[in-house]
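Next up, protein-v7.tsv (TSV, C-alpha atoms):
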```tsv
chain	number	residue	atom	x	y	z
U	1093	MET	CA	0.00	0.00	0.00
U	1094	PRO	CA	1.41	3.44	-0.89
U	1095	ALA	CA	2.69	5.35	2.14
U	1096	ALA	CA	0.55	8.42	1.35
U	1097	LEU	CA	-2.63	6.34	1.26
U	1098	ARG	CA	-1.65	4.53	4.43
U	1099	ALA	CA	-1.13	7.85	6.20
U	1100	GLN	CA	-4.51	9.12	5.02
U	1101	LEU	CA	-6.29	5.99	6.25
U	1102	ALA	CA	-4.49	6.06	9.59
U	1103	GLU	CA	-5.74	9.62	10.22
U	1104	ASP	CA	-9.29	8.60	11.06
U	1105	PHE	CA	-8.93	4.87	11.61
U	1106	ALA	CA	-11.03	3.40	14.39
U	1107	PRO	CA	-12.90	0.14	14.94
U	1108	VAL	CA	-16.40	0.23	13.48
U	1109	ARG	CA	-19.61	-1.62	14.20
U	1110	THR	CA	-20.96	-3.52	11.20
U	1111	LEU	CA	-24.11	-2.10	9.69
U	1112	ALA	CA	-27.27	-3.97	10.72
U	1113	SER	CA	-29.18	-5.96	8.11
U	1114	PRO	CA	-31.69	-4.13	5.87
U	1115	TRP	CA	-34.57	-5.66	7.85
U	1116	ARG	CA	-33.25	-4.47	11.17
U	1117	ARG	CA	-32.58	-0.98	9.85
U	1118	ALA	CA	-36.06	-0.82	8.35
U	1119	LEU	CA	-37.50	-1.85	11.72
U	1120	LEU	CA	-36.19	1.46	13.10
U	1121	VAL	CA	-38.60	3.21	10.73
U	1122	LEU	CA	-41.55	1.06	11.78
U	1123	PRO	CA	-42.72	3.05	14.85
U	1124	LEU	CA	-42.80	6.31	12.87
U	1125	ALA	CA	-44.51	4.56	9.95
U	1126	LEU	CA	-47.16	3.22	12.38
U	1127	VAL	CA	-47.72	6.75	13.67
U	1128	ALA	CA	-48.20	7.88	10.05
U	1129	LEU	CA	-50.67	5.04	9.53
U	1130	LEU	CA	-52.75	5.91	12.58
U	1131	ALA	CA	-52.47	9.72	12.44
U	1132	ALA	CA	-55.36	10.51	10.07
U	1133	PRO	CA	-57.93	7.96	11.37
U	1134	VAL	CA	-57.18	8.87	15.02
U	1135	TYR	CA	-57.04	12.65	14.55
U	1136	PHE	CA	-59.99	12.87	12.14
U	1137	ASP	CA	-62.20	9.81	11.90
U	1138	VAL	CA	-62.75	6.57	10.04
U	1139	ARG	CA	-64.40	6.87	6.60
U	1140	PRO	CA	-68.22	6.88	6.60
U	1141	GLY	CA	-68.53	3.85	4.31
U	1142	HIS	CA	-66.69	1.59	6.76
U	1143	ALA	CA	-69.80	-0.44	7.60
U	1144	ARG	CA	-70.22	-1.54	3.99
U	1145	LEU	CA	-66.50	-2.20	3.52
U	1146	GLY	CA	-66.17	-4.12	6.78
U	1147	TRP	CA	-63.05	-4.35	8.97
U	1148	LEU	CA	-61.11	-6.21	6.30
U	1149	GLY	CA	-62.10	-3.71	3.62
U	1150	VAL	CA	-61.02	-0.72	5.72
U	1151	TRP	CA	-58.19	-1.83	8.02
U	1152	GLY	CA	-57.27	-5.13	6.34
U	1153	LEU	CA	-56.55	-3.54	2.97
U	1154	SER	CA	-54.80	-0.58	4.57
U	1155	LEU	CA	-52.59	-2.94	6.57
U	1156	ALA	CA	-51.81	-4.82	3.34
U	1157	GLN	CA	-50.83	-1.52	1.68
U	1158	PHE	CA	-48.78	-0.63	4.76
U	1159	ALA	CA	-46.98	-4.00	4.61
U	1160	ILE	CA	-46.14	-3.46	0.94
U	1161	GLY	CA	-44.83	0.02	1.76
U	1162	PHE	CA	-42.70	-1.34	4.58
U	1163	LEU	CA	-41.29	-4.01	2.26
U	1164	MET	CA	-40.27	-1.24	-0.13
U	1165	VAL	CA	-38.42	0.51	2.69
U	1166	VAL	CA	-36.60	-2.77	3.39
U	1167	ALA	CA	-35.78	-2.99	-0.34
U	1168	ALA	CA	-34.40	0.56	-0.20
U	1169	MET	CA	-32.20	-0.32	2.79
U	1170	ARG	CA	-30.80	-3.25	0.82
U	1171	GLU	CA	-30.26	-1.07	-2.25
U	1172	SER	CA	-28.19	1.30	-0.08
U	1173	VAL	CA	-25.51	-1.30	0.63
U	1174	PRO	CA	-22.73	-1.54	-1.99
U	1175	GLY	CA	-22.80	-4.78	-3.95
U	1176	ARG	CA	-26.39	-5.54	-2.96
U	1177	SER	CA	-28.14	-3.30	-5.47
U	1178	TRP	CA	-31.28	-4.55	-7.19
U	1179	SER	CA	-31.19	-5.57	-10.84
U	1180	ARG	CA	-32.98	-3.46	-13.46
U	1181	ARG	CA	-35.84	-5.95	-13.60
U	1182	ALA	CA	-36.25	-5.90	-9.86
U	1183	ILE	CA	-36.26	-2.09	-9.87
U	1184	ALA	CA	-38.93	-2.11	-12.56
U	1185	ALA	CA	-40.98	-4.53	-10.47
U	1186	TRP	CA	-40.53	-2.41	-7.33
U	1187	SER	CA	-41.61	0.68	-9.32
U	1188	ALA	CA	-44.80	-1.06	-10.39
U	1189	VAL	CA	-45.62	-2.17	-6.83
U	1190	PRO	CA	-47.07	1.12	-5.46
U	1191	ILE	CA	-49.14	1.74	-8.59
U	1192	ALA	CA	-50.46	-1.81	-8.65
U	1193	ALA	CA	-51.19	-1.85	-4.91
U	1194	VAL	CA	-53.06	1.46	-4.85
U	1195	THR	CA	-54.97	0.59	-8.06
U	1196	ALA	CA	-56.06	-2.83	-6.83
U	1197	ILE	CA	-57.16	-1.54	-3.41
U	1198	THR	CA	-58.99	1.40	-4.99
U	1199	LEU	CA	-60.91	-0.75	-7.43
U	1200	TRP	CA	-61.88	-3.21	-4.73
U	1201	SER	CA	-63.06	-0.38	-2.42
U	1202	TRP	CA	-65.07	1.21	-5.25
U	1203	TYR	CA	-66.65	-2.15	-6.04
U	1204	ALA	CA	-67.60	-2.78	-2.38
U	1205	SER	CA	-68.66	0.76	-1.46
U	1206	PRO	CA	-68.96	3.26	-4.34
U	1207	ILE	CA	-68.88	6.79	-2.89
U	1208	GLY	CA	-68.18	9.54	-5.44
U	1209	ILE	CA	-67.40	13.24	-5.02
U	1210	ARG	CA	-70.32	15.51	-5.83
U	1211	ALA	CA	-68.72	18.92	-5.35
U	1212	GLY	CA	-65.33	20.48	-4.68
U	1213	TRP	CA	-63.42	17.79	-6.53
U	1214	TRP	CA	-60.17	19.77	-6.78
U	1215	THR	CA	-60.31	21.01	-3.17
U	1216	LEU	CA	-60.76	17.48	-1.86
U	1217	ALA	CA	-58.06	16.17	-4.19
U	1218	GLY	CA	-55.70	18.88	-2.93
U	1219	MET	CA	-56.49	18.07	0.71
U	1220	CYS	CA	-55.90	14.35	0.26
U	1221	PHE	CA	-52.72	14.93	-1.77
U	1222	ALA	CA	-51.24	17.40	0.70
U	1223	GLY	CA	-52.35	15.44	3.78
U	1224	SER	CA	-51.02	12.12	2.56
U	1225	ALA	CA	-47.72	13.54	1.28
U	1226	ALA	CA	-47.15	15.62	4.44
U	1227	THR	CA	-47.81	12.61	6.69
U	1228	ALA	CA	-45.16	10.66	4.79
U	1229	LEU	CA	-42.46	13.33	5.16
U	1230	PRO	CA	-41.09	12.35	8.61
U	1231	VAL	CA	-40.92	8.71	7.52
U	1232	VAL	CA	-39.11	9.72	4.31
U	1233	ALA	CA	-36.63	11.84	6.29
U	1234	LEU	CA	-35.79	9.09	8.77
U	1235	SER	CA	-35.50	6.45	6.04
U	1236	ALA	CA	-33.22	8.73	3.99
U	1237	ILE	CA	-30.89	9.21	6.96
U	1238	LEU	CA	-30.78	5.46	7.61
U	1239	SER	CA	-30.15	4.81	3.93
U	1240	ALA	CA	-27.28	7.30	3.87
U	1241	ARG	CA	-25.69	5.60	6.89
U	1242	ALA	CA	-24.97	2.76	4.50
U	1243	TYR	CA	-23.16	3.77	1.32
U	1244	PRO	CA	-25.77	4.06	-1.42
U	1245	THR	CA	-24.00	3.90	-4.75
U	1246	ARG	CA	-27.30	4.78	-6.46
U	1247	PRO	CA	-28.86	7.16	-3.93
U	1248	ALA	CA	-31.63	8.32	-6.27
U	1249	ILE	CA	-32.94	4.78	-6.69
U	1250	ALA	CA	-32.65	3.98	-2.99
U	1251	GLY	CA	-34.37	7.28	-2.19
U	1252	ALA	CA	-37.20	6.71	-4.66
U	1253	LEU	CA	-37.81	3.26	-3.18
U	1254	LEU	CA	-37.85	4.48	0.40
U	1255	GLY	CA	-39.97	7.48	-0.58
U	1256	ALA	CA	-42.55	5.35	-2.36
U	1257	GLY	CA	-42.57	2.90	0.55
U	1258	SER	CA	-43.05	5.67	3.10
U	1259	GLY	CA	-45.74	7.21	0.90
U	1260	LEU	CA	-47.60	3.90	0.76
U	1261	CYS	CA	-47.42	3.54	4.56
U	1262	ALA	CA	-48.75	7.07	5.14
U	1263	ASP	CA	-51.43	6.82	2.47
U	1264	ALA	CA	-52.63	3.54	3.99
U	1265	GLY	CA	-53.73	5.62	7.00
U	1266	TRP	CA	-55.08	8.48	4.91
U	1267	ARG	CA	-57.18	5.94	2.98
U	1268	VAL	CA	-58.89	4.86	6.22
U	1269	PHE	CA	-60.00	8.47	6.76
U	1270	CYS	CA	-60.78	9.55	3.16
U	1271	HIS	CA	-64.56	9.57	2.64
U	1272	PHE	CA	-64.44	8.81	-1.07
U	1273	SER	CA	-63.70	5.67	-3.01
U	1274	GLU	CA	-64.06	7.19	-6.48
U	1275	PRO	CA	-61.15	5.80	-8.55
U	1276	ALA	CA	-60.54	9.14	-10.31
U	1277	HIS	CA	-59.97	10.78	-6.91
U	1278	VAL	CA	-57.88	8.03	-5.33
U	1279	LEU	CA	-55.78	7.31	-8.42
U	1280	SER	CA	-54.98	10.98	-8.88
U	1281	ALA	CA	-54.71	12.56	-5.41
U	1282	HIS	CA	-53.61	9.56	-3.31
U	1283	LEU	CA	-51.38	7.93	-5.90
U	1284	ALA	CA	-49.85	11.31	-6.75
U	1285	ALA	CA	-49.01	11.73	-3.05
U	1286	VAL	CA	-47.17	8.39	-3.09
U	1287	LEU	CA	-45.29	9.36	-6.26
U	1288	CYS	CA	-44.50	12.77	-4.77
U	1289	SER	CA	-43.06	11.03	-1.70
U	1290	ALA	CA	-40.92	8.92	-4.04
U	1291	ALA	CA	-39.59	12.07	-5.73
U	1292	ILE	CA	-38.91	13.75	-2.38
U	1293	GLY	CA	-37.19	10.57	-1.17
U	1294	ALA	CA	-34.94	10.50	-4.24
U	1295	LEU	CA	-34.02	14.15	-3.76
U	1296	ALA	CA	-33.43	13.74	-0.02
U	1297	ALA	CA	-31.26	10.64	-0.48
U	1298	VAL	CA	-29.14	12.36	-3.14
U	1299	CYS	CA	-28.66	15.43	-0.92
U	1300	VAL	CA	-27.89	13.44	2.24
U	1301	SER	CA	-25.51	11.08	0.41
U	1302	ARG	CA	-23.38	13.82	-1.19
U	1303	PRO	CA	-19.68	13.54	-0.39
U	1304	GLY	CA	-19.06	15.67	2.66
U	1305	THR	CA	-22.65	15.40	3.88
U	1306	ARG	CA	-22.69	11.61	4.04
U	1307	VAL	CA	-23.98	10.44	7.42
U	1308	ARG	CA	-21.47	8.24	9.19
F	1250	MET	CA	-13.38	-19.66	-2.51
F	1251	ALA	CA	-10.69	-19.99	0.16
F	1252	ASP	CA	-9.31	-16.64	-0.96
F	1253	ASP	CA	-12.73	-15.07	-0.60
F	1254	GLN	CA	-13.06	-16.42	2.93
F	1255	ARG	CA	-9.59	-15.08	3.76
F	1256	LEU	CA	-10.57	-11.64	2.42
F	1257	ARG	CA	-13.78	-11.64	4.46
F	1258	ASP	CA	-11.80	-12.54	7.56
F	1259	LEU	CA	-9.30	-9.76	6.84
F	1260	MET	CA	-12.08	-7.23	6.37
F	1261	ARG	CA	-13.71	-8.35	9.60
F	1262	GLU	CA	-10.37	-7.82	11.37
F	1263	TYR	CA	-10.06	-4.38	9.76
F	1264	GLN	CA	-13.55	-3.50	10.93
F	1265	SER	CA	-12.71	-4.56	14.45
F	1266	GLY	CA	-9.58	-2.41	14.57
F	1267	ARG	CA	-6.56	-4.26	13.13
F	1268	PHE	CA	-5.18	-1.59	10.80
F	1269	ASP	CA	-2.50	-3.84	9.27
F	1270	ALA	CA	-5.18	-6.10	7.80
F	1271	PHE	CA	-5.70	-3.43	5.15
F	1272	ASP	CA	-2.23	-4.09	3.71
F	1273	ASP	CA	-3.29	-7.63	2.79
F	1274	ILE	CA	-6.67	-6.44	1.53
F	1275	TYR	CA	-4.90	-3.85	-0.61
F	1276	ALA	CA	-2.44	-6.40	-1.98
F	1277	SER	CA	-5.26	-8.80	-2.87
F	1278	LEU	CA	-7.76	-6.34	-4.29
F	1279	ALA	CA	-5.66	-3.62	-5.97
F	1280	PRO	CA	-4.75	-5.63	-9.10
F	1281	THR	CA	-8.37	-6.74	-9.61
F	1282	LEU	CA	-9.72	-3.22	-9.11
F	1283	ARG	CA	-7.10	-1.79	-11.44
F	1284	ARG	CA	-8.05	-4.36	-14.09
F	1285	TYR	CA	-11.67	-3.31	-13.65
F	1286	LEU	CA	-10.97	0.44	-13.73
F	1287	LEU	CA	-8.37	0.56	-16.50
F	1288	PRO	CA	-10.80	-0.05	-19.42
F	1289	GLN	CA	-13.21	2.48	-17.93
F	1290	ALA	CA	-10.57	5.20	-17.41
F	1291	ARG	CA	-8.55	4.39	-20.58
F	1292	ASP	CA	-5.52	5.92	-18.92
F	1293	ALA	CA	-3.12	4.06	-16.64
F	1294	VAL	CA	-2.39	7.04	-14.38
F	1295	LYS	CA	-6.06	7.88	-14.10
F	1296	ALA	CA	-6.83	4.24	-13.27
F	1297	ASP	CA	-4.20	4.35	-10.51
F	1298	ASP	CA	-5.82	7.47	-9.08
F	1299	LEU	CA	-9.23	5.81	-9.19
F	1300	VAL	CA	-7.83	2.73	-7.42
F	1301	GLN	CA	-6.47	4.96	-4.63
F	1302	GLU	CA	-9.78	6.79	-4.36
F	1303	THR	CA	-11.61	3.44	-4.29
F	1304	PHE	CA	-9.51	2.29	-1.34
F	1305	LEU	CA	-10.22	5.55	0.46
F	1306	GLN	CA	-13.93	4.97	-0.08
F	1307	ILE	CA	-13.61	1.31	0.95
F	1308	HIS	CA	-12.07	2.57	4.18
F	1309	ARG	CA	-14.90	5.07	4.68
F	1310	ALA	CA	-17.60	2.51	3.90
F	1311	ARG	CA	-15.96	-0.34	5.83
F	1312	HIS	CA	-18.87	-0.50	8.29
F	1313	THR	CA	-21.26	-1.42	5.44
F	1314	PHE	CA	-19.46	-4.66	4.60
F	1315	ASP	CA	-21.34	-7.69	5.84
F	1316	PRO	CA	-18.93	-10.62	6.29
F	1317	ALA	CA	-21.75	-12.99	5.35
F	1318	TYR	CA	-21.32	-11.84	1.74
F	1319	PRO	CA	-18.27	-11.93	-0.59
F	1320	LEU	CA	-15.92	-8.94	-0.45
F	1321	LEU	CA	-15.18	-8.55	-4.15
F	1322	PRO	CA	-18.68	-7.54	-5.40
F	1323	TRP	CA	-18.84	-5.01	-2.55
F	1324	ALA	CA	-15.45	-3.54	-3.48
F	1325	VAL	CA	-16.24	-3.51	-7.21
F	1326	ALA	CA	-19.55	-1.72	-6.54
F	1327	ILE	CA	-17.59	0.99	-4.70
F	1328	ALA	CA	-15.02	1.16	-7.52
F	1329	ARG	CA	-17.80	1.57	-10.07
F	1330	HIS	CA	-19.34	4.32	-7.95
F	1331	VAL	CA	-15.98	6.10	-7.71
F	1332	TRP	CA	-15.53	5.90	-11.47
F	1333	LEU	CA	-19.06	7.16	-12.20
F	1334	MET	CA	-18.67	10.06	-9.75
F	1335	ASP	CA	-15.34	10.99	-11.30
F	1336	ARG	CA	-16.79	10.84	-14.82
F	1337	ARG	CA	-19.77	12.94	-13.79
F	1338	ASN	CA	-17.58	15.55	-12.10
F	1339	GLN	CA	-15.33	15.81	-15.13
F	1340	SER	CA	-18.25	16.20	-17.52
F	1341	ARG	CA	-19.92	18.83	-15.32
F	1342	ARG	CA	-17.00	21.10	-14.70
F	1343	PRO	CA	-13.60	20.97	-16.31
F	1344	TRP	CA	-11.59	21.85	-13.23
F	1345	ALA	CA	-8.26	22.95	-14.63
F	1346	PRO	CA	-7.10	24.14	-18.02
F	1347	ASP	CA	-5.57	21.51	-20.28
F	1348	ASP	CA	-3.50	24.14	-22.02
F	1349	VAL	CA	-0.83	24.78	-19.41
F	1350	THR	CA	1.13	27.14	-21.68
F	1351	GLU	CA	-1.42	29.86	-20.87
F	1352	ILE	CA	-0.99	29.67	-17.11
F	1353	GLU	CA	0.88	32.44	-15.31
F	1354	LEU	CA	3.14	30.51	-12.98
F	1355	PRO	CA	4.32	32.30	-9.85
F	1356	VAL	CA	7.84	30.83	-9.79
F	1357	ARG	CA	9.74	32.34	-6.86
F	1358	ALA	CA	13.15	33.94	-7.43
F	1359	GLU	CA	14.89	31.30	-5.35
F	1360	ALA	CA	13.10	28.59	-7.32
F	1361	ALA	CA	14.18	30.05	-10.63
F	1362	VAL	CA	17.59	28.46	-10.20
F	1363	LEU	CA	15.95	25.07	-10.01
F	1364	ALA	CA	13.76	25.34	-13.08
F	1365	GLU	CA	12.84	27.82	-15.75
F	1366	ARG	CA	9.24	28.93	-15.93
F	1367	ASP	CA	8.84	27.32	-19.38
F	1368	ALA	CA	10.37	24.09	-18.14
F	1369	VAL	CA	7.81	23.99	-15.32
F	1370	ARG	CA	5.01	24.61	-17.82
F	1371	ARG	CA	6.28	21.84	-20.07
F	1372	ALA	CA	6.61	19.48	-17.11
F	1373	LEU	CA	3.11	20.34	-15.96
F	1374	GLY	CA	1.83	19.39	-19.37
F	1375	GLN	CA	3.32	15.95	-18.98
F	1376	ILE	CA	1.69	14.95	-15.71
F	1377	ALA	CA	-1.68	13.20	-15.51
F	1378	PRO	CA	-4.65	15.59	-15.98
F	1379	ALA	CA	-6.27	14.83	-12.61
F	1380	ARG	CA	-3.01	15.39	-10.74
F	1381	ARG	CA	-2.17	18.46	-12.82
F	1382	ALA	CA	-5.53	19.97	-11.95
F	1383	ALA	CA	-4.96	19.38	-8.23
F	1384	VAL	CA	-1.46	20.90	-8.40
F	1385	ILE	CA	-2.67	23.96	-10.31
F	1386	GLN	CA	-5.68	24.49	-8.09
F	1387	HIS	CA	-3.66	24.22	-4.89
F	1388	HIS	CA	-0.22	25.59	-5.72
F	1389	VAL	CA	-1.05	28.09	-8.48
F	1390	LEU	CA	-4.60	29.23	-7.80
F	1391	GLY	CA	-4.28	28.91	-4.03
F	1392	PHE	CA	-7.36	26.82	-3.25
F	1393	SER	CA	-7.29	24.82	-0.04
F	1394	PHE	CA	-7.66	21.05	-0.28
F	1395	ARG	CA	-11.08	21.36	1.31
F	1396	GLU	CA	-12.15	23.79	-1.41
F	1397	ILE	CA	-10.76	21.54	-4.15
F	1398	ALA	CA	-12.53	18.56	-2.63
F	1399	SER	CA	-15.86	20.36	-2.49
F	1400	ARG	CA	-15.53	21.84	-5.99
F	1401	THR	CA	-14.64	18.51	-7.54
F	1402	ARG	CA	-16.74	16.36	-5.24
F	1403	ILE	CA	-13.92	14.13	-4.14
F	1404	ALA	CA	-12.65	13.41	-0.65
F	1405	GLU	CA	-10.24	15.95	0.82
F	1406	THR	CA	-7.72	13.18	1.30
F	1407	ALA	CA	-8.00	12.30	-2.40
F	1408	ALA	CA	-7.31	15.92	-3.33
F	1409	LYS	CA	-4.21	15.92	-1.12
F	1410	LEU	CA	-3.10	12.61	-2.60
F	1411	ARG	CA	-3.52	13.87	-6.17
F	1412	SER	CA	-1.63	17.04	-5.45
F	1413	SER	CA	1.26	15.35	-3.65
F	1414	ARG	CA	1.57	12.75	-6.40
F	1415	GLY	CA	1.43	15.48	-9.01
F	1416	ILE	CA	4.22	17.39	-7.28
F	1417	ALA	CA	6.28	14.22	-7.01
F	1418	GLU	CA	5.75	13.55	-10.71
F	1419	LEU	CA	6.60	17.16	-11.57
F	1420	ARG	CA	9.76	16.97	-9.49
F	1421	ALA	CA	10.81	13.72	-11.19
F	1422	ILE	CA	10.26	15.22	-14.66
F	1423	LEU	CA	12.18	18.39	-13.82
F	1424	LYS	CA	14.97	16.38	-12.26
F	1425	GLY	CA	15.15	14.28	-15.42
F	1426	GLN	CA	15.32	17.42	-17.58
F	1427	GLY	CA	17.99	18.95	-15.38
F	1428	SER	CA	20.26	15.93	-15.57
F	1429	LYS	CA	20.05	15.83	-19.38
```

Once more with this new file: its structure as structure tokens, please.
Amino acid sequence: MPAALRAQLAEDFAPVRTLASPWRRALLVLPLALVALLAAPVYFDVRPGHARLGWLGVWGLSLAQFAIGFLMVVAAMRESVPGRSWSRRAIAAWSAVPIAAVTAITLWSWYASPIGIRAGWWTLAGMCFAGSAATALPVVALSAILSARAYPTRPAIAGALLGAGSGLCADAGWRVFCHFSEPAHVLSAHLAAVLCSAAIGALAAVCVSRPGTRVR
Amino acid sequence: MADDQRLRDLMREYQSGRFDAFDDIYASLAPTLRRYLLPQARDAVKADDLVQETFLQIHRARHTFDPAYPLLPWAVAIARHVWLMDRRNQSRRPWAPDDVTEIELPVRAEAAVLAERDAVRRALGQIAPARRAAVIQHHVLGFSFREIASRTRIAETAAKLRSSRGIAELRAILKGQGSK
């Protein structure tokens, strides 16, 4: 080893603790993600059509969406470790997951309890978009910091995955509160909030992972 | 397979605080990483610089290595990242002029006996572009290593390394010219 390099390494050499597995790191996000899930239904209320949807239709599907979101956060934590990046096919599959999950849950909810918006479509869409995206922000921030503690060689991809996962977790709670099951509303406002979280996650991960700002 | 296990064990020792383990890791990985980086960089000196930068990053990211997995894919992923970052930085901002004949070199009076201004310019033109840029930015333009590192998005230690190697190369060239 060249002497100059050796001297540079010796400057800040110290024993280190090995990074925990992606699952264990994602578990650190879980409490905050659960808060995001419960925030809207606890603070506001449960949707009025809950009797027709039943417990499984309201909470069961939301928990399924939450589980998918959490899995995406785990996938992001794995993506952040060098040499353990996902293949292009896997990334494409992970990208399709939030869209497929929200679409399937929306269509099922509409089929079981069709409640459309009669007035103020844009106002309600704006409220659901902003509420869902804002609820996801703390989860995105924590996940981005945990992701940067690894060494993401593709921070934008890791960030998009963790952002979409956090968005799904938060929107799972917002879905329990949202009064409407109209697909046009859910697939625009709610899905857009998830995609917005993915974009914010990508941006946050790139910023946090910049040389010099990398979290150690 | 046995070699991979040995490398994992060495990396585990390095993680737990045995600094000398890195000498063996360097000896085992450097040729492979250089073989990987040489076709990407298309320049032997540049490839050497990238190998050094890769080892600096391996050191920084040592906590992310999981001994349950092979070391080589982890190290190659970091090398690829280093190369991509370097390529992106170069394409975004050319960070030192290639035409060194235009540079106003502040050669001190006492240094003039050692080398003529033109000789220094010519020698500068012969050293590797990345090292030349670091030398010019630090010794001619007066940027600190921290500033160079932030402008070029490399580690401060890498900037120091490039500059010191550039100076060593410059000195060797000038020495060679002087003895002729």

key: For CA of Pro1140 (chain U) and CA of His1271 (chain U), the interatomic separation in Å (one decimal)   = 6.0 Å

query = Do you have the CA of Met1334 (chain F)-CA of Ala1276 (chain F) distance handy?
reply = 24.4 Å

task = Give me the residues within 12 Å of Ala1099 (chain U) as a PyMOL selection string, counting only C-alpha atoms and dropping any in the same chain fewer than 5 places off.
result = (chain U and resi 1093-1094+1104-1105) or (chain F and resi 1268+1305+1406-1407+1409-1410)

Store the residues picked out above, limited to C-alpha atoms, as a PDB file, in the frame of the given file.
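Result written to again29.pdb:
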```
ATOM      1  CA  MET U1093       0.000   0.000   0.000  1.00  0.00           C
ATOM      2  CA  PRO U1094       1.410   3.440  -0.890  1.00  0.00           C
ATOM      3  CA  ASP U1104      -9.290   8.600  11.060  1.00  0.00           C
ATOM      4  CA  PHE U1105      -8.930   4.870  11.610  1.00  0.00           C
TER       5      PHE U1105
ATOM      6  CA  PHE F1268      -5.180  -1.590  10.800  1.00  0.00           C
ATOM      7  CA  LEU F1305     -10.220   5.550   0.460  1.00  0.00           C
ATOM      8  CA  THR F1406      -7.720  13.180   1.300  1.00  0.00           C
ATOM      9  CA  ALA F1407      -8.000  12.300  -2.400  1.00  0.00           C
ATOM     10  CA  LYS F1409      -4.210  15.920  -1.120  1.00  0.00           C
ATOM     11  CA  LEU F1410      -3.100  12.610  -2.600  1.00  0.00           C
TER      12      LEU F1410
END
```

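From CA of Ile1237 (chain U) back to CA of Ala1132 (chain U), the distance works out to 24.7 Å.
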
ask   = Within 10 Å of Ala1102 (chain U), counting all atoms listed in the file, which residues qualify if same-chain residues fewer than 4 places away don't, as a list in words?
value = Ala1096, Leu1097, Arg1098 and Ala1106 of chain U; Phe1268 and His1308 of chain F

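Within 6 Å of chain U, and using all atoms listed in the file, the residues found on chain F are F:Gln1264, F:Ser1265, F:Gly1266, F:Asp1272, F:His1312, F:Thr1313, F:Pro1322, F:Trp1323, F:Ala1326, F:His1330.
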
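Shown here are all protein and nucleic acid residues lying within 9 Å of (-8.3, -3.2, -7.5), with all atoms listed in the file considered: Tyr1275, Ala1276, Ser1277, Leu1278, Ala1279, Pro1280, Thr1281, Leu1282, Arg1283, Arg1284, Tyr1285, Leu1286, Val1300, Gln1301, Thr1303, Phe1304, Ala1324, Val1325 and Ala1328 of chain F.
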
ask   = Between F:Arg1309, F:Phe1314, F:Ser1340, F:Leu1287, which one has atoms that come closest to Glu1262 (chain F), using only C-alpha atoms?
value = F:Phe1314

Residue list as a ChimeraX atom specification for point (-48.8, 16.3, 1.9), cut-off 12 Å, all atoms listed in the file = /U:1128,1132,1217-1230,1232,1259,1262-1263,1266,1281-1289,1292
